>>> print(open('final.txt').read())   # compact mmCIF, C-alpha atoms and all ligand atoms
# COMPACT_ATOMS: atom_id res chain seq x y z
CA MET A 532 -9.67 -14.88 -5.39
CA VAL A 533 -10.76 -13.41 -8.65
CA SER A 534 -8.81 -10.21 -8.19
CA ILE A 535 -5.47 -12.03 -8.46
CA SER A 536 -5.98 -12.32 -12.19
CA VAL A 537 -6.50 -8.58 -12.34
CA GLY A 538 -3.17 -7.87 -10.74
CA ARG A 539 -1.29 -10.31 -12.92
CA LYS A 540 -2.52 -8.63 -15.99
CA LEU A 541 -1.85 -5.20 -14.54
CA ARG A 542 1.66 -6.05 -13.60
CA ALA A 543 2.29 -7.47 -17.01
CA LYS A 544 2.40 -4.04 -18.55
CA ASN A 545 4.66 -1.53 -17.02
CA THR A 546 3.65 1.57 -18.87
CA VAL A 547 0.63 3.67 -18.01
CA SER A 548 -1.18 5.70 -20.64
CA GLY A 549 1.98 6.42 -22.55
CA ILE A 550 4.24 6.71 -19.50
CA GLN A 551 7.47 5.07 -20.49
CA ASN A 552 9.88 3.72 -17.94
CA SER A 553 12.64 6.29 -17.92
CA PRO A 554 16.19 5.02 -18.11
CA LEU A 555 17.91 5.32 -14.76
CA PRO A 556 21.28 7.03 -14.51
CA ALA A 557 23.88 4.26 -14.75
CA GLU A 558 25.51 5.09 -11.40
CA SER A 559 22.21 4.75 -9.52
CA MET A 560 20.72 1.82 -11.39
CA PRO A 561 18.91 -0.20 -8.73
CA GLU A 562 18.54 -3.96 -8.88
CA LYS A 563 16.19 -5.24 -11.50
CA ARG A 564 13.62 -6.40 -8.99
CA SER A 565 13.35 -3.06 -7.22
CA VAL A 566 9.82 -1.80 -6.66
CA ILE A 567 10.83 1.33 -4.76
CA HIS A 568 14.03 3.27 -5.30
CA LEU A 569 14.69 6.63 -3.66
CA GLU A 570 17.84 8.51 -4.45
CA ASN A 571 18.97 11.24 -2.02
CA VAL A 572 15.41 12.38 -1.34
CA TYR A 573 14.73 15.59 0.57
CA LYS A 574 11.31 16.93 1.49
CA ILE A 575 11.17 20.52 2.67
CA TYR A 576 7.81 21.83 3.85
CA GLN A 577 7.36 25.57 3.95
CA THR A 578 4.63 27.01 6.17
CA GLY A 579 4.84 30.81 6.19
CA ASP A 580 8.45 31.64 7.05
CA LEU A 581 9.07 28.25 8.65
CA LYS A 582 10.86 25.63 6.60
CA VAL A 583 10.80 22.06 7.92
CA ALA A 584 13.18 19.52 6.41
CA ALA A 585 11.06 16.41 6.96
CA LEU A 586 13.36 14.18 4.88
CA ARG A 587 17.06 14.83 4.55
CA GLY A 588 18.83 12.72 1.99
CA ILE A 589 17.05 9.34 2.01
CA THR A 590 18.48 6.72 -0.34
CA LEU A 591 16.57 3.45 -0.20
CA THR A 592 15.69 0.47 -2.37
CA VAL A 593 12.88 -1.99 -1.64
CA ASN A 594 12.79 -5.09 -3.80
CA LYS A 595 9.79 -6.98 -5.04
CA GLY A 596 8.37 -9.30 -2.39
CA GLU A 597 10.00 -7.64 0.61
CA PHE A 598 8.13 -6.92 3.85
CA VAL A 599 9.66 -3.77 5.30
CA ALA A 600 8.85 -2.10 8.61
CA ILE A 601 9.71 1.55 9.19
CA MET A 602 10.10 2.85 12.73
CA GLY A 603 11.13 6.20 14.17
CA SER A 604 9.98 8.74 16.70
CA SER A 605 7.04 11.06 16.10
CA GLY A 606 7.94 13.74 13.57
CA SER A 607 10.93 11.81 12.22
CA GLY A 608 9.50 11.81 8.68
CA LYS A 609 7.90 8.35 8.34
CA SER A 610 4.55 9.49 6.93
CA THR A 611 6.30 12.01 4.69
CA LEU A 612 8.38 9.17 3.30
CA MET A 613 5.25 7.07 2.83
CA SER A 614 3.45 9.86 0.99
CA ILE A 615 6.35 10.11 -1.46
CA VAL A 616 6.56 6.34 -1.89
CA GLY A 617 2.77 6.30 -2.42
CA CYS A 618 2.97 9.02 -5.10
CA LEU A 619 0.81 11.33 -2.99
CA ASP A 620 3.65 13.87 -2.92
CA VAL A 621 6.95 14.42 -4.73
CA PRO A 622 10.43 15.00 -3.30
CA THR A 623 11.65 18.60 -3.07
CA ILE A 624 15.07 17.30 -4.12
CA GLY A 625 16.10 13.84 -5.25
CA GLU A 626 14.52 11.14 -7.36
CA TYR A 627 11.93 8.47 -6.79
CA TYR A 628 11.46 5.49 -9.09
CA LEU A 629 8.41 3.26 -8.65
CA ASP A 630 8.77 0.07 -10.68
CA SER A 631 11.51 1.91 -12.59
CA ILE A 632 9.14 4.74 -13.51
CA GLU A 633 10.51 8.14 -12.52
CA VAL A 634 7.63 9.63 -10.59
CA ARG A 635 8.67 13.27 -11.08
CA GLN A 636 7.83 13.13 -14.78
CA LEU A 637 4.20 12.14 -14.16
CA ASP A 638 1.32 14.59 -14.16
CA GLU A 639 -1.60 14.41 -11.70
CA ARG A 640 -3.71 12.23 -13.94
CA GLN A 641 -0.88 9.76 -14.50
CA LEU A 642 -0.10 9.73 -10.78
CA SER A 643 -3.68 8.81 -9.96
CA ILE A 644 -3.57 5.97 -12.47
CA ILE A 645 -0.32 4.69 -10.95
CA ARG A 646 -1.75 4.87 -7.44
CA ASN A 647 -4.90 3.04 -8.49
CA ARG A 648 -3.04 0.35 -10.38
CA LYS A 649 0.04 -0.32 -8.31
CA ILE A 650 -0.60 0.69 -4.70
CA GLY A 651 -3.00 -0.28 -1.92
CA PHE A 652 -3.08 2.13 1.01
CA VAL A 653 -3.97 1.32 4.61
CA PHE A 654 -4.07 4.12 7.18
CA GLN A 655 -4.25 4.28 10.96
CA SER A 656 -7.67 5.94 10.83
CA PHE A 657 -9.15 3.44 8.31
CA ASN A 658 -10.40 6.28 6.03
CA LEU A 659 -13.62 4.48 5.14
CA ILE A 660 -16.49 6.46 3.68
CA PRO A 661 -19.11 6.90 6.42
CA ARG A 662 -22.74 5.83 5.91
CA THR A 663 -21.57 3.60 3.06
CA SER A 664 -21.60 -0.17 3.24
CA ALA A 665 -18.41 -2.20 3.61
CA LEU A 666 -19.09 -3.62 0.16
CA ALA A 667 -19.47 -0.20 -1.45
CA ASN A 668 -16.29 1.00 0.27
CA VAL A 669 -14.34 -1.90 -1.20
CA GLU A 670 -15.93 -1.44 -4.60
CA LEU A 671 -15.01 2.22 -4.93
CA PRO A 672 -11.41 1.91 -6.20
CA LEU A 673 -12.59 -0.80 -8.58
CA ALA A 674 -15.13 1.65 -9.94
CA TYR A 675 -12.34 4.21 -10.41
CA ALA A 676 -10.43 1.51 -12.24
CA GLY A 677 -13.33 1.16 -14.64
CA LEU A 678 -14.68 -2.28 -13.74
CA LYS A 679 -18.26 -3.05 -14.60
CA PRO A 680 -20.65 -3.18 -11.60
CA LYS A 681 -21.19 -6.95 -11.64
CA LEU A 682 -17.52 -7.80 -11.70
CA ARG A 683 -16.48 -5.22 -9.14
CA ARG A 684 -19.14 -6.60 -6.81
CA GLN A 685 -17.74 -10.12 -7.25
CA ILE A 686 -14.19 -8.93 -6.60
CA ALA A 687 -15.23 -6.83 -3.59
CA ILE A 688 -17.05 -9.80 -2.06
CA SER A 689 -13.94 -11.97 -2.62
CA ALA A 690 -11.77 -9.34 -0.96
CA LEU A 691 -14.14 -9.12 2.02
CA ARG A 692 -14.09 -12.90 2.24
CA ALA A 693 -10.29 -12.78 2.23
CA VAL A 694 -10.38 -10.68 5.40
CA GLY A 695 -13.12 -12.82 6.95
CA LEU A 696 -15.87 -10.21 6.64
CA ASP A 697 -18.16 -11.35 3.85
CA ASP A 698 -20.97 -11.65 6.41
CA ARG A 699 -20.58 -7.93 7.23
CA LYS A 700 -20.69 -6.63 3.68
CA ASP A 701 -23.85 -4.57 4.22
CA HIS A 702 -22.67 -2.98 7.46
CA ILE A 703 -21.75 0.68 7.44
CA PRO A 704 -18.42 1.58 9.15
CA SER A 705 -20.07 2.87 12.35
CA LYS A 706 -21.66 -0.56 12.84
CA LEU A 707 -18.29 -2.32 12.69
CA SER A 708 -15.60 -2.66 15.34
CA GLY A 709 -12.28 -0.86 14.82
CA GLY A 710 -10.57 -4.09 13.82
CA GLN A 711 -13.36 -4.91 11.39
CA GLN A 712 -13.18 -1.42 9.88
CA GLN A 713 -9.45 -1.87 9.34
CA ARG A 714 -10.09 -5.25 7.73
CA VAL A 715 -12.56 -3.57 5.35
CA ALA A 716 -9.86 -0.97 4.60
CA ILE A 717 -7.42 -3.81 3.86
CA ALA A 718 -10.01 -5.51 1.64
CA ARG A 719 -10.30 -2.21 -0.23
CA ALA A 720 -6.51 -1.97 -0.51
CA ILE A 721 -6.04 -5.51 -1.85
CA ALA A 722 -9.18 -5.75 -4.00
CA ALA A 723 -7.51 -4.70 -7.25
CA ASN A 724 -4.55 -6.85 -6.26
CA PRO A 725 -1.87 -4.16 -6.34
CA PRO A 726 1.74 -5.37 -6.20
CA LEU A 727 2.51 -2.93 -3.36
CA ILE A 728 0.75 -2.31 -0.03
CA LEU A 729 1.65 0.77 2.02
CA ALA A 730 0.37 0.73 5.58
CA ASP A 731 0.89 3.76 7.86
CA GLU A 732 0.39 2.58 11.45
CA PRO A 733 -2.41 0.19 10.49
CA THR A 734 -2.69 -1.13 14.04
CA GLY A 735 -2.31 2.26 15.75
CA ASN A 736 -5.98 2.36 16.78
CA LEU A 737 -6.46 -1.34 17.45
CA ASP A 738 -6.24 -3.59 20.47
CA SER A 739 -3.78 -6.47 20.46
CA LYS A 740 -6.21 -9.11 19.14
CA ALA A 741 -7.41 -6.93 16.26
CA SER A 742 -3.77 -5.96 15.57
CA GLU A 743 -2.82 -9.62 15.26
CA GLU A 744 -5.69 -10.22 12.87
CA VAL A 745 -4.71 -7.28 10.71
CA MET A 746 -1.05 -8.31 10.70
CA GLY A 747 -2.06 -11.88 9.87
CA ILE A 748 -3.82 -10.61 6.76
CA LEU A 749 -0.91 -8.40 5.73
CA SER A 750 1.43 -11.35 6.26
CA ARG A 751 -0.71 -13.53 4.02
CA PHE A 752 -0.63 -10.84 1.37
CA HIS A 753 3.15 -10.70 1.65
CA GLN A 754 3.46 -14.50 1.56
CA SER A 755 1.60 -14.53 -1.72
CA GLY A 756 4.45 -12.52 -3.25
CA ARG A 757 3.44 -8.91 -2.74
CA THR A 758 5.60 -6.11 -1.40
CA VAL A 759 4.52 -4.59 1.90
CA VAL A 760 5.86 -1.43 3.55
CA LEU A 761 4.56 -0.80 7.05
CA ILE A 762 5.05 2.09 9.46
CA THR A 763 4.69 1.28 13.12
CA HIS A 764 5.67 2.45 16.59
CA GLU A 765 5.34 -1.07 18.01
CA PRO A 766 8.31 -3.49 17.93
CA ASP A 767 5.92 -6.48 18.06
CA ILE A 768 4.20 -5.29 14.90
CA ALA A 769 7.53 -4.54 13.18
CA SER A 770 8.61 -8.10 13.93
CA TYR A 771 6.19 -9.40 11.30
CA ALA A 772 8.44 -7.81 8.67
CA ASP A 773 11.69 -9.17 7.24
CA ARG A 774 13.54 -5.89 7.28
CA LEU A 775 13.54 -2.97 9.69
CA ILE A 776 14.37 0.58 8.66
CA ARG A 777 14.75 3.21 11.34
CA ILE A 778 14.30 6.87 10.49
CA SER A 779 15.65 9.61 12.72
CA ASP A 780 15.23 13.29 12.06
CA GLY A 781 14.53 12.78 8.36
CA ARG A 782 17.52 10.50 7.81
CA LEU A 783 17.96 6.77 7.47
CA TYR A 784 19.33 5.73 10.84
CA SER A 785 19.57 1.96 10.35
CA ASP A 786 18.48 -0.69 7.87
CA GLU A 787 18.70 -4.31 9.01
CA PRO A 788 17.13 -7.68 8.36
CA ILE A 789 14.81 -8.94 11.11
CA GLU A 790 16.10 -12.33 12.17
CA THR A 791 13.69 -13.26 14.93
CA HIS A 792 10.23 -12.73 13.60
CA HIS A 793 7.62 -14.92 15.20
CA LYS A 794 7.03 -17.29 12.33
CA THR A 795 5.11 -19.86 14.34
CA LYS A 796 2.83 -17.27 15.85
CA HIS A 797 2.21 -15.67 12.49
CA GLN A 798 1.38 -18.95 10.84
CA SER A 799 -1.21 -19.74 13.45
CA ILE A 800 -2.79 -16.32 12.97
CA SER A 801 -2.88 -16.73 9.23
CA GLY A 802 -4.19 -20.23 9.62
CA SER A 803 -7.06 -19.01 11.75
CA TYR A 804 -8.52 -17.33 8.69
CA ALA A 805 -10.95 -19.52 6.89
CA HIS A 806 -10.63 -17.28 3.87
CA GLY A 807 -7.08 -15.95 3.80
CA VAL A 808 -5.75 -14.02 0.85
CA SER A 809 -5.27 -16.77 -1.62
CA THR A 810 -3.34 -17.14 -4.82
CA ASP A 811 -5.61 -19.99 -5.90
CA THR A 812 -7.63 -18.01 -8.33
CA GLU A 813 -10.63 -18.94 -10.28
CA VAL A 814 -10.09 -17.05 -13.49
CA THR A 815 -13.16 -16.70 -15.61
CA ALA A 816 -13.56 -15.31 -19.09
CA THR A 817 -15.41 -12.36 -17.58
CA ASP A 818 -12.44 -11.57 -15.37
CA VAL A 819 -10.04 -11.59 -18.24
CA LYS A 820 -12.29 -9.31 -20.25
CA ALA A 821 -12.76 -6.93 -17.35
CA VAL A 822 -9.07 -6.81 -16.60
CA SER A 823 -8.36 -5.00 -19.81
CA ALA A 824 -10.76 -2.30 -18.67
CA ILE A 825 -8.67 -1.49 -15.60
CA GLY A 826 -6.48 1.54 -16.09
CA ASP A 827 -7.38 1.94 -19.72
CA SER A 828 -10.71 3.43 -18.80
CA THR A 829 -9.50 5.18 -15.67
CA GLU A 830 -9.33 8.44 -17.55
CA ASP A 831 -12.99 8.29 -18.46
CA ILE A 832 -14.04 7.49 -14.94
CA ARG A 833 -12.12 10.40 -13.54
CA ALA A 834 -13.02 12.89 -16.26
N1 LIG B 901 2.02 19.09 5.19
C1 LIG B 901 2.99 19.50 6.02
N2 LIG B 901 3.32 20.80 6.08
C2 LIG B 901 4.29 21.23 6.90
N3 LIG B 901 5.02 20.44 7.69
C3 LIG B 901 4.73 19.12 7.69
C4 LIG B 901 3.69 18.58 6.86
N4 LIG B 901 3.63 17.25 7.05
C5 LIG B 901 4.57 16.98 7.97
N5 LIG B 901 5.23 18.08 8.35
C6 LIG B 901 6.35 18.14 9.30
O1 LIG B 901 7.32 17.22 8.84
C7 LIG B 901 7.90 16.49 9.92
C8 LIG B 901 7.70 15.00 9.67
O2 LIG B 901 6.33 14.69 9.76
P1 LIG B 901 5.76 13.21 9.53
O3 LIG B 901 4.30 13.32 9.52
O4 LIG B 901 6.43 12.65 8.35
O5 LIG B 901 6.28 12.48 10.84
P2 LIG B 901 6.02 10.98 11.34
O6 LIG B 901 7.36 10.34 11.51
O7 LIG B 901 5.06 10.32 10.46
O8 LIG B 901 5.41 11.23 12.79
P3 LIG B 901 4.26 10.40 13.59
O9 LIG B 901 4.96 9.20 14.16
O10 LIG B 901 3.86 11.37 14.67
O11 LIG B 901 3.16 10.07 12.64
C9 LIG B 901 7.21 16.99 11.18
O12 LIG B 901 8.08 17.93 11.80
C10 LIG B 901 5.96 17.66 10.69
O13 LIG B 901 5.61 18.74 11.51
MG MG B 902 3.09 9.58 10.73
>>> encode(input="final.txt", output="structure tokens")
Amino acid sequence: MVSISVGRKLRAKNTVSGIQNSPLPAESMPEKRSVIHLENVYKIYQTGDLKVAALRGITLTVNKGEFVAIMGSSGSGKSTLMSIVGCLDVPTIGEYYLDSIEVRQLDERQLSIIRNRKIGFVFQSFNLIPRTSALANVELPLAYAGLKPKLRRQIAISALRAVGLDDRKDHIPSKLSGGQQQRVAIARAIAANPPLILADEPTGNLDSKASEEVMGILSRFHQSGRTVVLITHEPDIASYADRLIRISDGRLYSDEPIETHHKTKHQSISGSYAHGVSTDTEVTATDVKAVSAIGDSTEDIRA
């Protein structure tokens, strides 16, 4: 897939528009390979006179290449945690380092660059743009990233092929099944080949077959070396991950490796994809040229 080359190049530089990786305090220095590091994170929401402590002292490290599932009852703080990890919100107290960059020091513009470059989001409700083709939906973040139309079209088609939907590229979301819409959303999330995928209940609106398909794709993405963090209410879905974190009442309740994930089952699901997410990339000169446009021109696009 062409987009792999994009990600490699993106990951190669770890500063964004002058954002320097801030030195971590020695006592909290996470492992070198950490992608996500939260240190005693609290999130307090205030609505009128009511204060809700959605997160209460979360300390957590996720290393590069991990597949982590997060479970917990409704209201326990899972989505709040995800919004902080995804740089959509900042902790009220505590620190968050993404790829060793301290997120608190970033302004809105820098945060949007980080999100575009490093993170692919998948949500329960797909969040596709209505009355807009699957292809255009997948192309959108590539446009934000500053890719030229021809190249972003090529990459978007590759991403749709990776989720088995290249024959539906001209369909608008309302003409696709729920599972297909989620696969388009995943194509959009992986198109720029971010090192980190955050999925908040990606199978919450899907039947079991569509859920397996979606999890097969996420597994493939993980197997090709990416980091995946997944929120789910379903133990079967969590079992695709290698590590299970349980959140209760805004606190980390448990954090354990998953020993018995259904490897055989997952392999057969992945194998059923004619066009799985592949690391066999055809890198062309055009790709390499376009890669340098990502991020660097994000400012212009957003201005
Ligand atoms: N923007 C907000 N403003 C005020 N309170 C909020 C906000 N977002 C979440 N909360 C509160 O924070 C707590 C945690 O919410 P969160 O959405 O993180 O839960 P969750 O674990 O994702 O639940 P679910 O499984 O139902 O999605 C809840 O009590 C919720 O009411
Ligand atoms: Mg939630």
>>> residues_near_ligand(input="final.txt", ligand="ligand LIG 901 (chain B)", cutoff="10 Å", atoms="all atoms listed in the file", output="PyMOL selection string")
chain A and resi 574-579+581-586+601-614+620+655+731-732+762-764+778-781
>>> atom_distance(input="final.txt", atom1="CA of Leu619 (chain A)", atom2="CA of Leu591 (chain A)")
17.8 Å
>>> residues_around(input="final.txt", residues="region 660-665 of chain A", least_positions_apart="6", cutoff="9 Å", atoms="only C-alpha atoms", output="mmCIF file with C-alpha atoms, in the coordinates of the input")
data_model
loop_
_atom_site.group_PDB
_atom_site.id
_atom_site.type_symbol
_atom_site.label_atom_id
_atom_site.label_comp_id
_atom_site.auth_asym_id
_atom_site.auth_seq_id
_atom_site.Cartn_x
_atom_site.Cartn_y
_atom_site.Cartn_z
ATOM 1 C CA LEU A 691 -14.140 -9.120 2.020
ATOM 2 C CA LEU A 696 -15.870 -10.210 6.640
ATOM 3 C CA ARG A 699 -20.580 -7.930 7.230
ATOM 4 C CA LYS A 700 -20.690 -6.630 3.680
ATOM 5 C CA ASP A 701 -23.850 -4.570 4.220
ATOM 6 C CA HIS A 702 -22.670 -2.980 7.460
ATOM 7 C CA ILE A 703 -21.750 0.680 7.440
ATOM 8 C CA PRO A 704 -18.420 1.580 9.150
ATOM 9 C CA SER A 705 -20.070 2.870 12.350
ATOM 10 C CA GLN A 712 -13.180 -1.420 9.880
ATOM 11 C CA VAL A 715 -12.560 -3.570 5.350
ATOM 12 C CA ALA A 716 -9.860 -0.970 4.600
ATOM 13 C CA ARG A 719 -10.300 -2.210 -0.230
#
>>> residues_around(input="final.txt", residues="Pro680 (chain A)", least_positions_apart="4", cutoff="12 Å", atoms="only C-alpha atoms", output="VMD selection string")
chain A and resid 666 to 667 670 to 676 684 to 687 821
>>> residues_near_point(input="final.txt", point="(-4.8, -0.8, 2.6)", cutoff="6 Å", atoms="all atoms listed in the file", output="PyMOL selection string")
chain A and resi 651-653+716-717+720
>>> closest_residue(input="final.txt", among="A:Leu659, A:Val616, A:Val593, A:Ile645", to="Gln711 (chain A)", atoms="all atoms listed in the file")
A:Leu659
>>> closest_residue(input="final.txt", among="A:Ala718, A:Leu727, A:Leu761, A:Ala772", to="ligand MG 902 (chain B)", atoms="only C-alpha atoms and all ligand atoms")
A:Leu761
>>> closest_residue(input="final.txt", among="A:Thr590, A:Ser631, A:Asn668, A:Ser708", to="Arg564 (chain A)", atoms="only C-alpha atoms")
A:Ser631
>>> closest_residue(input="final.txt", among="A:Val599, A:Asn571, A:Gly735, A:Ser565", to="Glu787 (chain A)", atoms="all atoms listed in the file")
A:Val599
>>> atom_distance(input="final.txt", atom1="CA of Ile768 (chain A)", atom2="CA of Ala600 (chain A)")
8.4 Å
>>> closest_residue(input="final.txt", among="A:Val634, A:Ile650, A:Ala693, A:Ala730", to="ligand MG 902 (chain B)", atoms="all atoms listed in the file")
A:Ala730
>>> atom_distance(input="final.txt", atom1="CA of Asp767 (chain A)", atom2="CA of Thr734 (chain A)")
10.9 Å
>>> closest_residue(input="final.txt", among="A:Pro733, A:Ile688, A:Asp786, A:Asp698", to="Val669 (chain A)", atoms="all atoms listed in the file")
A:Ile688
>>> residues_near_point(input="final.txt", point="(7.8, 5.9, -11.0)", cutoff="10 Å", atoms="only C-alpha atoms", output="number ranges by chain")
A: 546, 550-553, 566-568, 616-618, 626-637, 642, 645
>>> write_last_selection(input="final.txt", atoms="C-alpha atoms", output="mmCIF file, keeping the file's coordinate frame")
data_model
loop_
_atom_site.group_PDB
_atom_site.id
_atom_site.type_symbol
_atom_site.label_atom_id
_atom_site.label_comp_id
_atom_site.auth_asym_id
_atom_site.auth_seq_id
_atom_site.Cartn_x
_atom_site.Cartn_y
_atom_site.Cartn_z
ATOM 1 C CA THR A 546 3.650 1.570 -18.870
ATOM 2 C CA ILE A 550 4.240 6.710 -19.500
ATOM 3 C CA GLN A 551 7.470 5.070 -20.490
ATOM 4 C CA ASN A 552 9.880 3.720 -17.940
ATOM 5 C CA SER A 553 12.640 6.290 -17.920
ATOM 6 C CA VAL A 566 9.820 -1.800 -6.660
ATOM 7 C CA ILE A 567 10.830 1.330 -4.760
ATOM 8 C CA HIS A 568 14.030 3.270 -5.300
ATOM 9 C CA VAL A 616 6.560 6.340 -1.890
ATOM 10 C CA GLY A 617 2.770 6.300 -2.420
ATOM 11 C CA CYS A 618 2.970 9.020 -5.100
ATOM 12 C CA GLU A 626 14.520 11.140 -7.360
ATOM 13 C CA TYR A 627 11.930 8.470 -6.790
ATOM 14 C CA TYR A 628 11.460 5.490 -9.090
ATOM 15 C CA LEU A 629 8.410 3.260 -8.650
ATOM 16 C CA ASP A 630 8.770 0.070 -10.680
ATOM 17 C CA SER A 631 11.510 1.910 -12.590
ATOM 18 C CA ILE A 632 9.140 4.740 -13.510
ATOM 19 C CA GLU A 633 10.510 8.140 -12.520
ATOM 20 C CA VAL A 634 7.630 9.630 -10.590
ATOM 21 C CA ARG A 635 8.670 13.270 -11.080
ATOM 22 C CA GLN A 636 7.830 13.130 -14.780
ATOM 23 C CA LEU A 637 4.200 12.140 -14.160
ATOM 24 C CA LEU A 642 -0.100 9.730 -10.780
ATOM 25 C CA ILE A 645 -0.320 4.690 -10.950
#
